[in-house]
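Data file: query_34.txt. Format and content: compact mmCIF, C-alpha atoms and all ligand atoms.
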```
# COMPACT_ATOMS: atom_id res chain seq x y z
CA MET A 1 84.24 -38.95 -43.46
CA VAL A 2 83.83 -36.99 -40.23
CA GLU A 3 82.83 -33.38 -40.85
CA LEU A 4 81.34 -30.50 -38.86
CA LEU A 5 77.54 -30.58 -39.04
CA SER A 6 75.27 -27.66 -38.29
CA LEU A 7 72.21 -29.86 -37.70
CA PRO A 8 72.21 -30.81 -33.99
CA PRO A 9 71.43 -34.30 -32.71
CA GLU A 10 67.74 -34.91 -32.07
CA ILE A 11 67.35 -34.67 -28.28
CA PRO A 12 63.97 -34.16 -26.57
CA SER A 13 63.69 -30.92 -24.62
CA ALA A 14 63.05 -32.83 -21.34
CA GLN A 15 66.55 -34.33 -21.77
CA ASN A 16 69.64 -32.34 -20.86
CA MET A 17 71.47 -31.90 -24.14
CA LYS A 18 74.30 -29.90 -22.56
CA VAL A 19 76.02 -32.90 -20.99
CA GLY A 20 76.76 -34.68 -24.27
CA ALA A 21 77.25 -38.45 -24.11
CA SER A 22 75.51 -40.07 -21.12
CA LYS A 23 77.47 -41.79 -18.36
CA PHE A 24 75.92 -45.19 -19.11
CA CYS A 25 78.00 -47.98 -20.69
CA PRO A 26 77.75 -48.56 -24.46
CA GLY A 27 74.43 -50.22 -25.26
CA CYS A 28 72.91 -49.72 -21.81
CA GLY A 29 69.12 -49.96 -21.57
CA HIS A 30 68.91 -47.10 -19.06
CA GLY A 31 69.57 -44.69 -21.95
CA ILE A 32 66.74 -46.18 -24.05
CA ILE A 33 64.26 -45.94 -21.16
CA LEU A 34 65.17 -42.38 -20.14
CA LYS A 35 65.28 -41.06 -23.69
CA SER A 36 61.79 -42.50 -24.21
CA LEU A 37 60.61 -40.95 -20.94
CA ALA A 38 61.92 -37.54 -22.03
CA TYR A 39 60.06 -37.77 -25.37
CA VAL A 40 56.82 -38.58 -23.57
CA ILE A 41 57.28 -35.70 -21.09
CA ASP A 42 57.68 -33.42 -24.14
CA GLU A 43 54.67 -34.91 -25.89
CA LEU A 44 52.41 -34.42 -22.84
CA GLY A 45 53.84 -30.97 -22.03
CA LEU A 46 54.81 -32.03 -18.49
CA GLN A 47 58.36 -30.64 -18.30
CA GLU A 48 57.43 -27.88 -15.82
CA ARG A 49 55.34 -30.16 -13.58
CA ALA A 50 57.76 -33.09 -13.55
CA VAL A 51 60.15 -33.95 -10.71
CA PHE A 52 62.54 -36.81 -11.42
CA GLY A 53 64.18 -38.88 -8.69
CA CYS A 54 66.91 -41.44 -9.24
CA ASP A 55 68.06 -44.22 -6.93
CA ILE A 56 71.47 -45.67 -6.11
CA GLY A 57 72.52 -48.11 -8.81
CA CYS A 58 73.24 -47.24 -12.42
CA SER A 59 70.04 -45.16 -12.39
CA LEU A 60 72.02 -42.57 -10.40
CA LEU A 61 74.10 -41.91 -13.51
CA SER A 62 71.00 -40.00 -14.67
CA TRP A 63 71.42 -37.26 -12.03
CA ASN A 64 72.05 -34.77 -14.85
CA TYR A 65 70.38 -36.66 -17.71
CA MET A 66 66.93 -35.08 -17.58
CA ASN A 67 66.14 -31.43 -18.20
CA VAL A 68 63.61 -31.44 -15.33
CA ASP A 69 64.02 -30.85 -11.58
CA THR A 70 65.98 -33.85 -10.31
CA VAL A 71 66.84 -35.34 -6.93
CA GLN A 72 69.15 -38.29 -6.26
CA THR A 73 68.45 -40.27 -3.12
CA HIS A 74 69.59 -43.24 -1.01
CA HIS A 75 69.35 -46.81 -2.25
CA GLY A 76 65.70 -47.92 -2.32
CA ARG A 77 64.37 -44.60 -0.99
CA THR A 78 63.44 -42.87 -4.24
CA THR A 79 59.77 -43.85 -3.94
CA PRO A 80 59.11 -42.10 -0.58
CA VAL A 81 61.27 -39.11 -1.53
CA ILE A 82 59.21 -38.56 -4.69
CA TYR A 83 55.76 -38.99 -3.14
CA GLY A 84 56.96 -36.67 -0.36
CA VAL A 85 57.64 -34.02 -3.01
CA THR A 86 54.19 -34.52 -4.54
CA ARG A 87 52.43 -34.45 -1.14
CA ALA A 88 54.20 -31.18 -0.29
CA ASN A 89 53.50 -29.70 -3.71
CA PRO A 90 50.33 -31.21 -5.18
CA GLY A 91 50.15 -31.14 -8.94
CA THR A 92 53.75 -32.31 -9.28
CA VAL A 93 54.21 -35.17 -11.72
CA GLY A 94 56.63 -37.22 -9.63
CA ILE A 95 58.77 -39.90 -11.26
CA ALA A 96 60.78 -42.34 -9.14
CA TYR A 97 63.37 -44.14 -11.27
CA MET A 98 65.18 -47.21 -9.95
CA GLY A 99 66.66 -50.60 -10.76
CA ASP A 100 65.37 -54.06 -9.90
CA GLY A 101 67.58 -54.01 -6.79
CA GLY A 102 66.37 -50.57 -5.72
CA GLY A 103 62.71 -51.43 -6.30
CA LEU A 104 62.37 -55.13 -5.47
CA ALA A 105 65.12 -55.75 -2.88
CA ILE A 106 66.13 -52.84 -0.62
CA GLY A 107 63.17 -50.61 -1.60
CA ALA A 108 60.47 -53.28 -1.76
CA GLN A 109 58.57 -52.05 1.31
CA HIS A 110 58.19 -48.61 -0.23
CA LEU A 111 56.99 -50.10 -3.51
CA VAL A 112 54.37 -52.16 -1.63
CA ASN A 113 53.07 -49.29 0.48
CA ALA A 114 53.06 -46.68 -2.28
CA SER A 115 51.15 -49.16 -4.47
CA VAL A 116 48.60 -50.04 -1.77
CA ARG A 117 48.02 -46.37 -0.95
CA GLY A 118 47.92 -45.35 -4.59
CA GLU A 119 50.38 -42.49 -4.16
CA ASN A 120 50.16 -39.95 -6.99
CA MET A 121 53.39 -40.83 -8.82
CA LEU A 122 55.09 -42.95 -11.45
CA ILE A 123 57.43 -45.68 -10.24
CA LEU A 124 59.61 -46.60 -13.20
CA LEU A 125 61.71 -49.72 -12.63
CA CYS A 126 64.53 -50.78 -14.95
CA ASN A 127 64.81 -54.58 -14.69
CA ASN A 128 68.23 -55.67 -15.98
CA THR A 129 68.23 -58.87 -13.87
CA ASN A 130 71.28 -57.92 -11.81
CA TYR A 131 72.92 -55.34 -9.55
CA GLY A 132 74.55 -53.51 -12.44
CA MET A 133 76.43 -50.77 -10.65
CA THR A 134 78.21 -53.01 -8.15
CA GLY A 135 79.49 -55.45 -10.76
CA GLY A 136 76.62 -57.75 -11.68
CA GLN A 137 75.55 -59.70 -8.58
CA MET A 138 72.31 -61.72 -8.37
CA SER A 139 69.21 -59.61 -7.82
CA PRO A 140 65.60 -60.58 -7.05
CA THR A 141 64.86 -60.73 -10.80
CA THR A 142 67.89 -62.79 -11.90
CA MET A 143 66.55 -65.50 -14.20
CA PRO A 144 66.65 -69.22 -13.28
CA GLY A 145 70.07 -70.56 -14.30
CA GLN A 146 71.49 -67.09 -15.01
CA ILE A 147 75.20 -66.74 -14.30
CA THR A 148 76.11 -63.68 -12.23
CA GLU A 149 79.05 -62.73 -9.99
CA THR A 150 77.31 -64.37 -7.01
CA THR A 151 75.72 -67.29 -8.92
CA PRO A 152 78.75 -68.58 -10.86
CA TYR A 153 76.97 -71.90 -11.58
CA GLY A 154 73.71 -70.20 -12.51
CA ARG A 155 70.82 -69.12 -10.25
CA ASP A 156 69.53 -72.15 -8.38
CA CYS A 157 65.88 -71.52 -7.45
CA GLU A 158 66.00 -74.35 -4.88
CA THR A 159 68.22 -72.24 -2.65
CA THR A 160 67.42 -68.69 -3.81
CA GLY A 161 63.68 -68.92 -4.51
CA LYS A 162 62.04 -67.87 -7.73
CA PRO A 163 62.60 -64.52 -9.47
CA ALA A 164 60.37 -61.70 -8.24
CA LYS A 165 57.68 -60.56 -10.64
CA GLY A 166 57.25 -56.89 -9.80
CA ALA A 167 54.44 -55.94 -12.15
CA GLU A 168 52.29 -58.95 -11.13
CA MET A 169 52.88 -58.20 -7.45
CA VAL A 170 51.97 -54.52 -7.80
CA ALA A 171 48.94 -55.37 -9.99
CA SER A 172 47.56 -57.59 -7.24
CA ILE A 173 47.57 -54.88 -4.53
CA VAL A 174 46.64 -51.60 -6.28
CA ASP A 175 43.27 -49.86 -6.50
CA PRO A 176 42.33 -50.68 -10.12
CA GLY A 177 40.17 -47.57 -10.36
CA LYS A 178 43.13 -45.20 -10.34
CA SER A 179 46.21 -47.30 -11.10
CA PHE A 180 48.10 -48.16 -14.26
CA VAL A 181 50.45 -51.16 -14.03
CA ALA A 182 52.47 -52.51 -16.95
CA ARG A 183 55.59 -54.37 -17.98
CA SER A 184 57.36 -53.13 -21.11
CA THR A 185 60.69 -53.81 -22.83
CA VAL A 186 63.50 -51.85 -24.50
CA SER A 187 63.29 -54.17 -27.51
CA ASN A 188 60.23 -52.27 -28.78
CA VAL A 189 60.83 -48.56 -28.29
CA ARG A 190 57.61 -47.42 -29.97
CA LYS A 191 55.56 -49.57 -27.60
CA LEU A 192 57.66 -48.48 -24.64
CA ARG A 193 56.81 -44.86 -25.44
CA ALA A 194 53.10 -45.69 -25.75
CA THR A 195 53.19 -47.41 -22.35
CA LEU A 196 55.00 -44.49 -20.71
CA LYS A 197 52.47 -42.12 -22.24
CA LYS A 198 49.60 -43.99 -20.57
CA ALA A 199 51.53 -44.12 -17.29
CA LEU A 200 52.32 -40.39 -17.20
CA THR A 201 48.83 -39.38 -18.36
CA ASN A 202 47.43 -41.35 -15.42
CA VAL A 203 49.82 -39.60 -13.00
CA ALA A 204 48.99 -36.17 -14.44
CA ASN A 205 45.31 -37.03 -13.75
CA GLY A 206 46.09 -37.80 -10.09
CA GLY A 207 46.63 -41.57 -10.32
CA PHE A 208 49.36 -44.08 -9.46
CA SER A 209 51.44 -45.77 -12.16
CA PHE A 210 54.01 -48.55 -12.05
CA VAL A 211 56.00 -49.54 -15.13
CA GLU A 212 58.66 -52.24 -15.08
CA VAL A 213 60.85 -52.17 -18.19
CA LEU A 214 62.83 -55.25 -19.20
CA SER A 215 66.26 -53.80 -19.90
CA ILE A 216 69.77 -54.73 -21.00
CA CYS A 217 73.16 -54.60 -19.24
CA PRO A 218 75.73 -55.67 -21.85
CA LEU A 219 78.62 -54.84 -19.53
CA ASN A 220 77.76 -57.30 -16.76
CA TRP A 221 76.03 -59.78 -19.03
CA ARG A 222 79.23 -59.83 -21.12
CA THR A 223 77.11 -59.96 -24.27
CA ASN A 224 77.68 -58.48 -27.72
CA ASN A 225 74.90 -56.62 -29.56
CA LYS A 226 73.33 -59.79 -30.97
CA ASP A 227 73.43 -61.82 -27.75
CA THR A 228 72.15 -58.85 -25.74
CA PHE A 229 68.89 -58.88 -27.68
CA GLY A 230 68.89 -62.69 -27.56
CA ARG A 231 68.91 -62.64 -23.78
CA LEU A 232 66.26 -59.91 -23.70
CA ALA A 233 64.01 -62.17 -25.83
CA LYS A 234 64.41 -64.93 -23.20
CA MET A 235 63.48 -62.45 -20.47
CA GLU A 236 60.34 -61.55 -22.42
CA GLU A 237 59.34 -65.22 -22.38
CA PHE A 238 59.76 -65.40 -18.61
CA PHE A 239 58.39 -61.96 -17.65
CA GLU A 240 55.11 -61.29 -19.42
CA VAL A 241 55.07 -57.99 -21.33
CA LYS A 242 51.62 -56.39 -21.11
CA ASP A 243 49.39 -53.82 -19.41
CA PHE A 244 48.23 -55.53 -16.20
CA VAL A 245 45.93 -52.82 -14.81
CA VAL A 246 44.41 -49.96 -16.82
CA PRO A 247 41.98 -47.57 -15.12
CA GLU A 248 38.72 -46.96 -16.96
CA GLY A 249 38.89 -44.13 -19.45
CA LEU A 250 42.69 -44.10 -19.85
CA ASN A 251 42.96 -45.66 -23.30
CA MET B 1 76.25 -28.10 -26.71
CA SER B 2 74.60 -24.75 -27.28
CA GLU B 3 72.86 -23.30 -30.30
CA LYS B 4 74.86 -22.32 -33.39
CA GLN B 5 77.39 -24.89 -32.35
CA GLN B 6 78.71 -27.39 -34.85
CA TYR B 7 78.69 -31.11 -34.26
CA LYS B 8 81.25 -33.68 -35.30
CA GLY B 9 79.64 -36.35 -37.39
CA ILE B 10 79.10 -38.37 -40.53
CA LYS B 11 76.52 -37.29 -43.10
CA VAL B 12 75.22 -39.89 -45.52
CA GLU B 13 73.24 -38.07 -48.19
CA GLY B 14 70.33 -39.35 -50.19
CA VAL B 15 69.19 -42.44 -48.33
CA GLN B 16 65.61 -43.62 -48.99
CA LYS B 17 66.09 -43.16 -52.73
CA GLY B 18 67.25 -39.59 -52.23
CA LYS B 19 64.37 -38.57 -49.97
CA ALA B 20 66.32 -38.34 -46.69
CA ASP B 21 69.76 -37.73 -45.21
CA TRP B 22 71.23 -39.91 -42.46
CA TYR B 23 73.46 -38.42 -39.73
CA LEU B 24 75.71 -39.94 -37.07
CA TYR B 25 77.23 -37.82 -34.28
CA THR B 26 80.63 -39.24 -33.40
CA ASP B 27 80.74 -37.53 -29.99
CA LEU B 28 77.63 -39.53 -29.01
CA CYS B 29 78.21 -42.93 -30.64
CA LYS B 30 79.63 -45.47 -28.18
CA GLY B 31 79.94 -48.29 -30.70
CA CYS B 32 77.48 -50.62 -28.98
CA GLY B 33 76.05 -52.01 -32.23
CA LEU B 34 72.43 -52.17 -31.02
CA CYS B 35 71.35 -50.21 -34.12
CA LEU B 36 72.83 -52.88 -36.39
CA GLU B 37 70.49 -55.44 -34.82
CA LYS B 38 67.38 -53.32 -35.35
CA CYS B 39 67.97 -52.27 -38.97
CA PRO B 40 65.21 -54.04 -40.94
CA MET B 41 67.39 -54.24 -44.06
CA ASN B 42 70.18 -55.96 -42.08
CA ALA B 43 67.54 -58.35 -40.76
CA LYS B 44 66.64 -59.19 -44.37
CA GLY B 45 70.26 -60.19 -44.93
CA GLU B 46 71.31 -57.06 -46.83
CA LYS B 47 74.46 -55.18 -45.81
CA CYS B 48 72.73 -51.88 -45.05
CA LEU B 49 73.99 -50.56 -41.72
CA SER B 50 77.52 -51.65 -40.82
CA TRP B 51 80.61 -50.63 -38.85
CA SER B 52 82.26 -47.45 -40.15
CA ASN B 53 85.94 -46.67 -40.62
CA GLU B 54 85.29 -43.60 -38.47
CA VAL B 55 85.26 -43.91 -34.69
CA GLY B 56 82.93 -42.70 -31.95
CA ILE B 57 83.58 -41.09 -28.56
CA TYR B 58 85.41 -44.15 -27.15
CA ALA B 59 87.52 -44.64 -30.31
CA THR B 60 85.48 -47.72 -31.17
CA PRO B 61 83.95 -48.00 -34.65
CA ALA B 62 80.88 -45.89 -35.39
CA VAL B 63 78.30 -47.11 -37.91
CA GLN B 64 77.03 -45.96 -41.29
CA PRO B 65 74.52 -47.20 -43.87
CA ASP B 66 74.84 -47.98 -47.54
CA PRO B 67 72.70 -45.17 -49.03
CA ASN B 68 71.57 -47.46 -51.86
CA ILE B 69 70.01 -49.91 -49.39
CA CYS B 70 68.91 -47.68 -46.47
CA ILE B 71 65.15 -46.99 -46.54
CA GLY B 72 65.37 -44.11 -44.03
CA CYS B 73 62.99 -45.86 -41.61
CA GLY B 74 64.71 -44.48 -38.49
CA ALA B 75 64.66 -47.78 -36.56
CA CYS B 76 68.39 -47.32 -35.86
CA ALA B 77 67.80 -43.82 -34.44
CA LEU B 78 64.86 -45.00 -32.34
CA THR B 79 66.91 -47.74 -30.70
CA CYS B 80 70.19 -45.88 -30.18
CA PRO B 81 70.45 -45.33 -26.39
CA ASP B 82 72.63 -42.29 -27.01
CA SER B 83 70.68 -40.45 -29.72
CA ALA B 84 73.73 -40.66 -31.98
CA ILE B 85 71.68 -41.15 -35.17
CA ARG B 86 69.30 -38.72 -36.84
CA VAL B 87 67.37 -39.33 -40.06
CA GLU B 88 66.09 -36.13 -41.70
CA LYS B 89 63.51 -36.19 -44.48
CA LYS B 90 64.38 -33.74 -47.25
C1 LIG A 301 72.04 -48.92 1.60
C2 LIG A 301 72.93 -49.45 0.49
N1 LIG A 301 73.11 -50.78 0.37
C3 LIG A 301 73.88 -51.26 -0.62
C4 LIG A 301 74.50 -50.41 -1.50
C5 LIG A 301 75.37 -50.97 -2.60
N2 LIG A 301 74.71 -50.90 -3.90
C6 LIG A 301 74.94 -49.87 -4.76
S1 LIG A 301 74.12 -50.04 -6.22
C7 LIG A 301 73.45 -51.52 -5.69
C8 LIG A 301 72.55 -52.35 -6.55
C9 LIG A 301 72.00 -51.68 -7.74
O1 LIG A 301 71.23 -52.58 -8.49
P1 LIG A 301 69.90 -52.13 -9.19
O2 LIG A 301 69.03 -51.41 -8.23
O3 LIG A 301 69.31 -53.32 -9.87
O4 LIG A 301 70.37 -51.04 -10.27
P2 LIG A 301 71.28 -51.23 -11.58
O5 LIG A 301 72.65 -50.75 -11.21
O6 LIG A 301 71.24 -52.66 -11.98
O7 LIG A 301 70.62 -50.36 -12.60
C10 LIG A 301 73.89 -51.85 -4.41
C11 LIG A 301 73.49 -53.08 -3.70
C12 LIG A 301 74.29 -49.02 -1.33
N3 LIG A 301 74.83 -48.11 -2.15
N4 LIG A 301 73.51 -48.55 -0.32
S1 LIG A 302 76.68 -51.65 -15.67
FE1 LIG A 302 74.92 -52.31 -16.90
S2 LIG A 302 73.18 -51.10 -16.14
FE2 LIG A 302 75.06 -50.10 -15.44
S3 LIG A 302 75.53 -48.52 -16.97
FE3 LIG A 302 76.68 -50.38 -17.52
S4 LIG A 302 75.34 -51.52 -18.96
FE4 LIG A 302 74.08 -49.98 -17.88
S1 LIG A 303 67.23 -45.76 -41.35
FE1 LIG A 303 66.35 -47.84 -41.31
S2 LIG A 303 67.21 -48.82 -43.12
FE2 LIG A 303 68.46 -47.00 -42.77
S3 LIG A 303 70.18 -47.71 -41.49
FE3 LIG A 303 68.60 -46.99 -40.09
S4 LIG A 303 67.44 -48.83 -39.58
FE4 LIG A 303 68.61 -49.31 -41.44
S1 LIG A 304 74.80 -45.29 -33.29
FE1 LIG A 304 73.98 -45.61 -31.24
S2 LIG A 304 73.20 -47.73 -31.26
FE2 LIG A 304 74.58 -47.52 -33.03
S3 LIG A 304 76.59 -48.18 -32.30
FE3 LIG A 304 76.51 -45.95 -32.02
S4 LIG A 304 75.78 -45.66 -29.91
FE4 LIG A 304 75.30 -47.79 -30.46
MG MG A 305 69.55 -53.88 -11.87
```

Could you quickly redo this structure as structure tokens?
Amino acid sequence: MVELLSLPPEIPSAQNMKVGASKFCPGCGHGIILKSLAYVIDELGLQERAVFGCDIGCSLLSWNYMNVDTVQTHHGRTTPVIYGVTRANPGTVGIAYMGDGGGLAIGAQHLVNASVRGENMLILLCNNTNYGMTGGQMSPTTMPGQITETTPYGRDCETTGKPAKGAEMVASIVDPGKSFVARSTVSNVRKLRATLKKALTNVANGGFSFVEVLSICPLNWRTNNKDTFGRLAKMEEFFEVKDFVVPEGLN
Amino acid sequence: MSEKQQYKGIKVEGVQKGKADWYLYTDLCKGCGLCLEKCPMNAKGEKCLSWSNEVGIYATPAVQPDPNICIGCGACALTCPDSAIRVEKK
């Protein structure tokens, strides 16, 4: 029976409770990632220092999701916008949030250069293996054989090359002394939070962090709840979930 | 949603052998069913968390647990992308 409850829903203070239901589709992984991020910002007391930037793609639907200063930028440009903010105002805990398209296709050059330079920021990449917002086209991380709008017979790696492995690429070019690089997954929310805690702690201490999160897009995948997690399990076999680079003293 | 406000939802009293209450906020639940997949009692083959007769914000079924089976672990709340579930220890 539906009744009127006086106990409010449990929403972290770094999340904007005023907007009610998020703009993401039912069962979207973006909500799991951002809710976890907000809990970790609370836990580390970083709400005042944090600046959140979202890309074009479904990540932009988070323009009013966080209860921290937020900027929404052009496709692929969230990384330079956020390190620009931190350079202008040192001490900022800058978070650039983007999809696999925003980070590994159109914004790949920014990801490479921010990683090499060790910009003081967190790059948080939601890998849902497609261009979610535009209707589910193939992206750099689409799995071999995966059916998308633009690969109706499944991704053929002979013609499209192999899927991009963002965390491995970033891990190979960063300064290991001050960088944290990991791949996580929305299938294990406790572990996702622990990973984000390490990532944000490193940024608060002046370092560079990159976290790729294997995520779910039930709308474009056309999967029900069971098959959504089934596909995520296949992604976890293909994209290794682990901490790739951990600076000394962070654990 | 400001303070002192009331929230539309389902309250299931006395889960975890009476030690906790389980809440679902119907203005937040989008009926995705992810929580059903993460309930450890469902995974054991018991009918703990299942579709409700009540509906969520998109008029799709919400969910609710059988209080006699639910162990109040909060796995459903942890996974819900929309924070629609809350488990409160008494
Ligand atoms: C400069 C530019 N090129 C292309 C587009 C069209 N566009 C909008 S969202 C998007 C892809 C988004 O995919 P991804 O970054 O993976 O995010 P998702 O929606 O999957 O979370 C594209 C290509 C655009 N808005 N701007
Ligand atoms: S299209 Fe996919 S990524 Fe975008 S909001 Fe819907 S489920 Fe999420
Ligand atoms: S609290 Fe645990 S046992 Fe109860 S419905 Fe949620 S996941 Fe299932
Ligand atoms: S409670 Fe949350 S996870 Fe469960 S069906 Fe509703 S929105 Fe989905
Ligand atoms: Mg994507």

* Could you tell me how far atom S3 of ligand LIG 304 (chain A) lies from atom CA of A:Thr228, in Å and to one decimal? =>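 A separation of 13.3 Å between them.
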
* **Distance filter 9 Å, all atoms listed in the file, chain A against chain B, as a PyMOL selection string** => chain A and resi 1-11+17-22+25-35+186-190+218+224-226+228-229

* Nearby polymer residues, ligand LIG 301 (chain A), at most 8 Å, only C-alpha atoms and all ligand atoms, as a PyMOL selection string -> chain A and resi 30+55-59+74-76+98-103+105-106+126-134+136+139+217

* **Selection near A:Thr185, 9 Å with all atoms listed in the file, sequence-local residues under 4 positions removed, as a PyMOL selection string** => chain A and resi 33+189+191-192+212-215+232+236+241

Kindly list the centre and edge lengths in Å, rounded to one decimal, for the axis-aligned box that covers all listed atoms of stretch 101-117 of chain A plus 4 Å on each of its six sides, as lines of an AutoDock Vina configuration file.
```
center_x = 57.8
center_y = -51.1
center_z = -2.7
size_x = 27.6
size_y = 17.4
size_z = 16.1
```

* Contacts of B:Lys89 at 12 Å (only C-alpha atoms; same-chain gap of 4+ positions) as a PyMOL selection string -> chain B and resi 13-23+71-74

* Within 12 Å of A:Asn120, counting all atoms listed in the file, which residues show up once you throw out same-chain ones fewer than 4 positions away? Write them as a PyMOL selection string, please. => chain A and resi 79-80+82-96+114-116+178-180+199-210

Export, as a PDB file, in the coordinates of the input, the selected residues with C-alpha atoms.
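Output (out_4.pdb):
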```pdb
ATOM      1  CA  THR A  79      59.770 -43.850  -3.940  1.00  0.00           C
ATOM      2  CA  PRO A  80      59.110 -42.100  -0.580  1.00  0.00           C
ATOM      3  CA  ILE A  82      59.210 -38.560  -4.690  1.00  0.00           C
ATOM      4  CA  TYR A  83      55.760 -38.990  -3.140  1.00  0.00           C
ATOM      5  CA  GLY A  84      56.960 -36.670  -0.360  1.00  0.00           C
ATOM      6  CA  VAL A  85      57.640 -34.020  -3.010  1.00  0.00           C
ATOM      7  CA  THR A  86      54.190 -34.520  -4.540  1.00  0.00           C
ATOM      8  CA  ARG A  87      52.430 -34.450  -1.140  1.00  0.00           C
ATOM      9  CA  ALA A  88      54.200 -31.180  -0.290  1.00  0.00           C
ATOM     10  CA  ASN A  89      53.500 -29.700  -3.710  1.00  0.00           C
ATOM     11  CA  PRO A  90      50.330 -31.210  -5.180  1.00  0.00           C
ATOM     12  CA  GLY A  91      50.150 -31.140  -8.940  1.00  0.00           C
ATOM     13  CA  THR A  92      53.750 -32.310  -9.280  1.00  0.00           C
ATOM     14  CA  VAL A  93      54.210 -35.170 -11.720  1.00  0.00           C
ATOM     15  CA  GLY A  94      56.630 -37.220  -9.630  1.00  0.00           C
ATOM     16  CA  ILE A  95      58.770 -39.900 -11.260  1.00  0.00           C
ATOM     17  CA  ALA A  96      60.780 -42.340  -9.140  1.00  0.00           C
ATOM     18  CA  ALA A 114      53.060 -46.680  -2.280  1.00  0.00           C
ATOM     19  CA  SER A 115      51.150 -49.160  -4.470  1.00  0.00           C
ATOM     20  CA  VAL A 116      48.600 -50.040  -1.770  1.00  0.00           C
ATOM     21  CA  LYS A 178      43.130 -45.200 -10.340  1.00  0.00           C
ATOM     22  CA  SER A 179      46.210 -47.300 -11.100  1.00  0.00           C
ATOM     23  CA  PHE A 180      48.100 -48.160 -14.260  1.00  0.00           C
ATOM     24  CA  ALA A 199      51.530 -44.120 -17.290  1.00  0.00           C
ATOM     25  CA  LEU A 200      52.320 -40.390 -17.200  1.00  0.00           C
ATOM     26  CA  THR A 201      48.830 -39.380 -18.360  1.00  0.00           C
ATOM     27  CA  ASN A 202      47.430 -41.350 -15.420  1.00  0.00           C
ATOM     28  CA  VAL A 203      49.820 -39.600 -13.000  1.00  0.00           C
ATOM     29  CA  ALA A 204      48.990 -36.170 -14.440  1.00  0.00           C
ATOM     30  CA  ASN A 205      45.310 -37.030 -13.750  1.00  0.00           C
ATOM     31  CA  GLY A 206      46.090 -37.800 -10.090  1.00  0.00           C
ATOM     32  CA  GLY A 207      46.630 -41.570 -10.320  1.00  0.00           C
ATOM     33  CA  PHE A 208      49.360 -44.080  -9.460  1.00  0.00           C
ATOM     34  CA  SER A 209      51.440 -45.770 -12.160  1.00  0.00           C
ATOM     35  CA  PHE A 210      54.010 -48.550 -12.050  1.00  0.00           C
TER      36      PHE A 210
END
```

* Using all atoms listed in the file: which of A:Leu219, A:Ala14, A:Leu122, A:Val68 has the shortest distance to ligand MG 305 (chain A) -> A:Leu219

* Could you check how far atom CA of A:Leu124 sits from atom CA of A:Gly145, in Å to one decimal? => 26.2 Å

* Asked: So how many Å separate atom CA of B:Gly56 and atom CA of B:Asn42, to one decimal?
  ->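 About the pair atom CA of B:Gly56 and atom CA of B:Asn42: they are 21.0 Å apart.
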
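With only C-alpha atoms as the basis for measurement, A:Ala167 is the residue among A:Pro152, A:Thr70, A:Ala167, A:Phe52 that approaches A:Leu104 most closely.
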
* **Spatial sel., origin (71.4, -34.8, -18.7), limit 6 Å, only C-alpha atoms, listed as a PyMOL selection string** => chain A and resi 15-16+19+64-66

* For ligand LIG 304 (chain A), which residue among B:Lys90, B:Asp66, B:Gly45, B:Cys39 is the nearest when counting only C-alpha atoms and all ligand atoms? -> B:Cys39
